[in-house]
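Following: one structure in structure tokens, then a few remarks.
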Amino acid sequence: MMRFLMTTLIVVGLLSVGQSVHAQVKPVTSAADPSAMELKARKIYERLTGTKLPADSPIVSQMVALLNKGDVMGAAQIATADNNFLNITVKLMALKLSTRDETIKTELNDMVATFIGVTRDQTDARELLTGNIYYMGSGANVRSDMVADLLISNNHYVDLEAQRVNLATNLVRRTGQQIATSATTSVANPDPAGVLTLRAFMGAHASAGTNRRLVEYTFREFMCVPLNDWADTGASDVRIGRDIDRFPGGDHMKFATSCKGCHTVMDGFRGAFAKWDFDALGIKHSDVNTRGGSPAEYRIAADTTTGVVIKMNRNNSVFPSGYVTTNTSFVNNAIRTKNADFFEWRGDALSGNGAAGFGRVVSNSRRFSQCMAKTVFETVCRKSLDPVNDKARLKEWGDEFEQNGYKLKALFERMATKTECLN
């Protein structure tokens with residue numbers, strides 16, 4: 001009996017101790033658990049650099065200190081000071097814009113390098129469509145001959161990538177785009193228009209064809225508008241070339257209700273590129289690659305009187321009464337109510353001459369600013385924006401971009417800290 005009582009007391013005692021200990025146990029918050037501000041800091045950093053921070057990184061505490069003070073932009077600027085911002089995030093965005101397939105699976109090129117440089121140097125982003133500039137790098141094993149490695153081939157930029165050169169610090173701004181006139185010589189580009197007249201963009205859109213692609217993809221990449229969205233069957237068809245059938249399948253209504261819509265705008269603008277071509281030897285322009293002034297392989301097939309490249313007026317028997325391109329003039333047929341409200345053209349936007357004039361018309365529109373905001377937002381926030389449903393938001397962000405001097409670096413910082421991005 002005594003043994004039973006002692007056993008019972010021991011069990012009861014143990015239960016009491018266990019219950020007491022259990023009652024005192026509280027959830028333990030690890031010192032490593034991130035606070036809301038730490039999570040926000042990490043998200044901003046990761047979105048802008050494309051990389052994650054180590055758990056013990058002092059950068060987190062620096063960004064948190066600024067966030068606690070309400071200095072969100074200051075926190076974002078810490079992230080954009082990291083070389084990965086330019087080497088990864090900006091590079092990947094520009095790679096996509098530089099290719100016809102809109103893919104990042106392509107080589108570093110002059111357009112991407114220039115995009116990175118303009119972002120880093122915080123110059124006016126409209127230079128991307130109007131500037132007489134390009135960016136190149138250097139290195140012990142980087143081929144850098146102007147003609148052989150930048151104009152005729154992409155060797156220079158392939159080497160920069162192969163050598164893992166830090167683009168954020170290595171790229172240097174150069175003034176004065178060039179066009180090759182032989183295997184060893186080059187002359188000044190007579191009509192520079194930023195990245196539009198660099199090798200990558202010309203190679204993607206000016207090879208073969210009739211130079212309509214140059215217009216289509218300028219609108220697509222720098223206005224964020226695919227061809228079908230700016231088609232207008234009510235606009236003038238005066239500028240539509242002779243290679244477009246007005247009676248496809250014997251039906252004029254098919255042309256009037258379908259084909260005409262795209263070509264009224266596209267053909268109106270394409271005169272800007274009337275003297276441009278691209279082949280295995282790089283960019284060619286009839287003002288410098290003349291029939292008599294260059295080695296045979298560097299000559300350009302152009303009308304000897306007007307200088308307009310032959311491909312602009314090819315297939316002229318399809319509809320002989322169509323427009324014949326005789327110079328570099330263009331007209332803006334995207335000015336009727338629907339398109340005028342969408343693009344919000346500014347300045348002298350009704351007509352112009354050459355690639356540089358075309359670049360100015362596009363970059364001065366409000367739509368250019370809104371497109372840059374859209375592209376950057378989608379790059380860092382990994383969310384899509386709809387030009388129609390998000391129209392008010394894009395207008396607001398485009399205006400912010402302009403008010404801050406068209407600075408792309410600041411645009412990245414602002415987009416990464418928007419509530420729409422962080423949520």
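Labeling convention for the structure tokens: chains A, B, ... as they appear, residues from 1 per chain, ligands from 1 in order of appearance.
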12 Å contact set for Ala65 of chain A, only C-alpha atoms, chain neighbours under 6 positions out, as a ChimeraX atom specification:
/A:37-38,40-41,58-59,71-72,74-75,78
Would you save the residues from that selection as a PDB file, in the first residue's frame, using N, CA and C atoms?
ATOM      1  N   MET A  37       9.859  45.564 -42.570  1.00  0.00           N
ATOM      2  CA  MET A  37      10.758  46.458 -43.291  1.00  0.00           C
ATOM      3  C   MET A  37      11.914  45.698 -43.929  1.00  0.00           C
ATOM      4  N   GLU A  38      12.391  44.672 -43.244  1.00  0.00           N
ATOM      5  CA  GLU A  38      13.465  43.854 -43.820  1.00  0.00           C
ATOM      6  C   GLU A  38      12.985  43.131 -45.073  1.00  0.00           C
ATOM      7  N   LYS A  40      10.617  44.139 -47.026  1.00  0.00           N
ATOM      8  CA  LYS A  40      10.458  45.155 -48.064  1.00  0.00           C
ATOM      9  C   LYS A  40      11.807  45.511 -48.673  1.00  0.00           C
ATOM     10  N   ALA A  41      12.812  45.657 -47.821  1.00  0.00           N
ATOM     11  CA  ALA A  41      14.154  45.997 -48.291  1.00  0.00           C
ATOM     12  C   ALA A  41      14.693  44.903 -49.211  1.00  0.00           C
ATOM     13  N   PRO A  58      24.986  43.578 -44.479  1.00  0.00           N
ATOM     14  CA  PRO A  58      24.751  44.894 -43.863  1.00  0.00           C
ATOM     15  C   PRO A  58      23.888  45.793 -44.748  1.00  0.00           C
ATOM     16  N   ILE A  59      23.749  45.446 -46.016  1.00  0.00           N
ATOM     17  CA  ILE A  59      22.946  46.256 -46.934  1.00  0.00           C
ATOM     18  C   ILE A  59      21.498  46.305 -46.467  1.00  0.00           C
ATOM     19  N   ASP A  71      12.373  57.204 -46.423  1.00  0.00           N
ATOM     20  CA  ASP A  71      13.175  57.478 -47.611  1.00  0.00           C
ATOM     21  C   ASP A  71      13.220  56.230 -48.494  1.00  0.00           C
ATOM     22  N   VAL A  72      12.123  55.978 -49.181  1.00  0.00           N
ATOM     23  CA  VAL A  72      12.024  54.778 -50.011  1.00  0.00           C
ATOM     24  C   VAL A  72      12.981  54.857 -51.209  1.00  0.00           C
ATOM     25  N   GLY A  74      15.749  56.474 -51.376  1.00  0.00           N
ATOM     26  CA  GLY A  74      17.117  56.294 -50.891  1.00  0.00           C
ATOM     27  C   GLY A  74      17.460  54.826 -50.747  1.00  0.00           C
ATOM     28  N   ALA A  75      16.493  54.050 -50.262  1.00  0.00           N
ATOM     29  CA  ALA A  75      16.703  52.606 -50.125  1.00  0.00           C
ATOM     30  C   ALA A  75      16.897  51.965 -51.491  1.00  0.00           C
ATOM     31  N   ILE A  78      20.348  52.417 -53.011  1.00  0.00           N
ATOM     32  CA  ILE A  78      21.368  51.492 -52.521  1.00  0.00           C
ATOM     33  C   ILE A  78      21.413  50.270 -53.428  1.00  0.00           C
TER      34      ILE A  78
END
Could you tell me, as a VMD selection string, which residues of segment 92-192 of chain A DSSP assigns to strand (DSSP E or B) when given the backbone?
chain A and resid 133 to 136 172 to 175 178 to 180 186 to 188
Residues from last step as file, N, CA and C atoms, as an mmCIF file, in the first residue's frame:
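File written: result_2.cif
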data_model
loop_
_atom_site.group_PDB
_atom_site.id
_atom_site.type_symbol
_atom_site.label_atom_id
_atom_site.label_comp_id
_atom_site.auth_asym_id
_atom_site.auth_seq_id
_atom_site.Cartn_x
_atom_site.Cartn_y
_atom_site.Cartn_z
ATOM 1 N N ILE A 133 25.253 58.535 -80.641
ATOM 2 C CA ILE A 133 26.088 57.909 -79.613
ATOM 3 C C ILE A 133 26.068 56.391 -79.715
ATOM 4 N N TYR A 134 27.019 55.774 -79.044
ATOM 5 C CA TYR A 134 27.041 54.332 -78.798
ATOM 6 C C TYR A 134 27.991 54.110 -77.619
ATOM 7 N N TYR A 135 27.981 52.926 -77.043
ATOM 8 C CA TYR A 135 28.874 52.603 -75.925
ATOM 9 C C TYR A 135 29.688 51.376 -76.282
ATOM 10 N N MET A 136 30.962 51.409 -75.907
ATOM 11 C CA MET A 136 31.834 50.252 -76.092
ATOM 12 C C MET A 136 32.692 50.077 -74.852
ATOM 13 N N VAL A 172 32.120 52.742 -72.023
ATOM 14 C CA VAL A 172 32.481 54.146 -72.223
ATOM 15 C C VAL A 172 31.608 54.725 -73.336
ATOM 16 N N ARG A 173 31.109 55.903 -73.100
ATOM 17 C CA ARG A 173 30.255 56.592 -74.079
ATOM 18 C C ARG A 173 31.101 57.137 -75.224
ATOM 19 N N ARG A 174 30.660 56.887 -76.446
ATOM 20 C CA ARG A 174 31.334 57.411 -77.625
ATOM 21 C C ARG A 174 30.354 58.260 -78.432
ATOM 22 N N THR A 175 30.832 59.352 -78.944
ATOM 23 C CA THR A 175 30.014 60.214 -79.793
ATOM 24 C C THR A 175 30.437 60.034 -81.237
ATOM 25 N N GLN A 178 29.280 55.310 -86.739
ATOM 26 C CA GLN A 178 30.025 55.094 -87.966
ATOM 27 C C GLN A 178 29.341 54.060 -88.869
ATOM 28 N N ILE A 179 29.671 54.119 -90.162
ATOM 29 C CA ILE A 179 29.222 53.126 -91.138
ATOM 30 C C ILE A 179 30.433 52.689 -91.948
ATOM 31 N N ALA A 180 30.614 51.373 -92.113
ATOM 32 C CA ALA A 180 31.769 50.852 -92.836
ATOM 33 C C ALA A 180 31.653 51.140 -94.328
ATOM 34 N N SER A 186 35.787 53.531 -92.395
ATOM 35 C CA SER A 186 34.400 53.882 -92.064
ATOM 36 C C SER A 186 34.257 55.394 -92.119
ATOM 37 N N VAL A 187 33.018 55.838 -92.209
ATOM 38 C CA VAL A 187 32.739 57.280 -92.213
ATOM 39 C C VAL A 187 31.601 57.548 -91.239
ATOM 40 N N ALA A 188 31.377 58.812 -90.963
ATOM 41 C CA ALA A 188 30.325 59.192 -90.032
ATOM 42 C C ALA A 188 28.956 58.794 -90.558
#
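We find atom CA of Lys275 of chain A and atom CA of Asp243 of chain A to be spaced 17.9 Å apart.
Among A:Leu171, A:Cys381, A:Leu150, A:Ala280, the residue with the shortest atom-to-atom distance to Glu297 of chain A, counting only C-alpha atoms, is A:Ala280.
Of the residues under consideration (A:Thr210, A:Thr114, A:Ser317, A:Asn170), A:Thr114 shows the shortest atom-to-atom contact distance to Asn132 of chain A when counting only C-alpha atoms.
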By how many Å are atom CA of Lys383 of chain A and atom CA of Arg366 of chain A apart?
22.0 Å
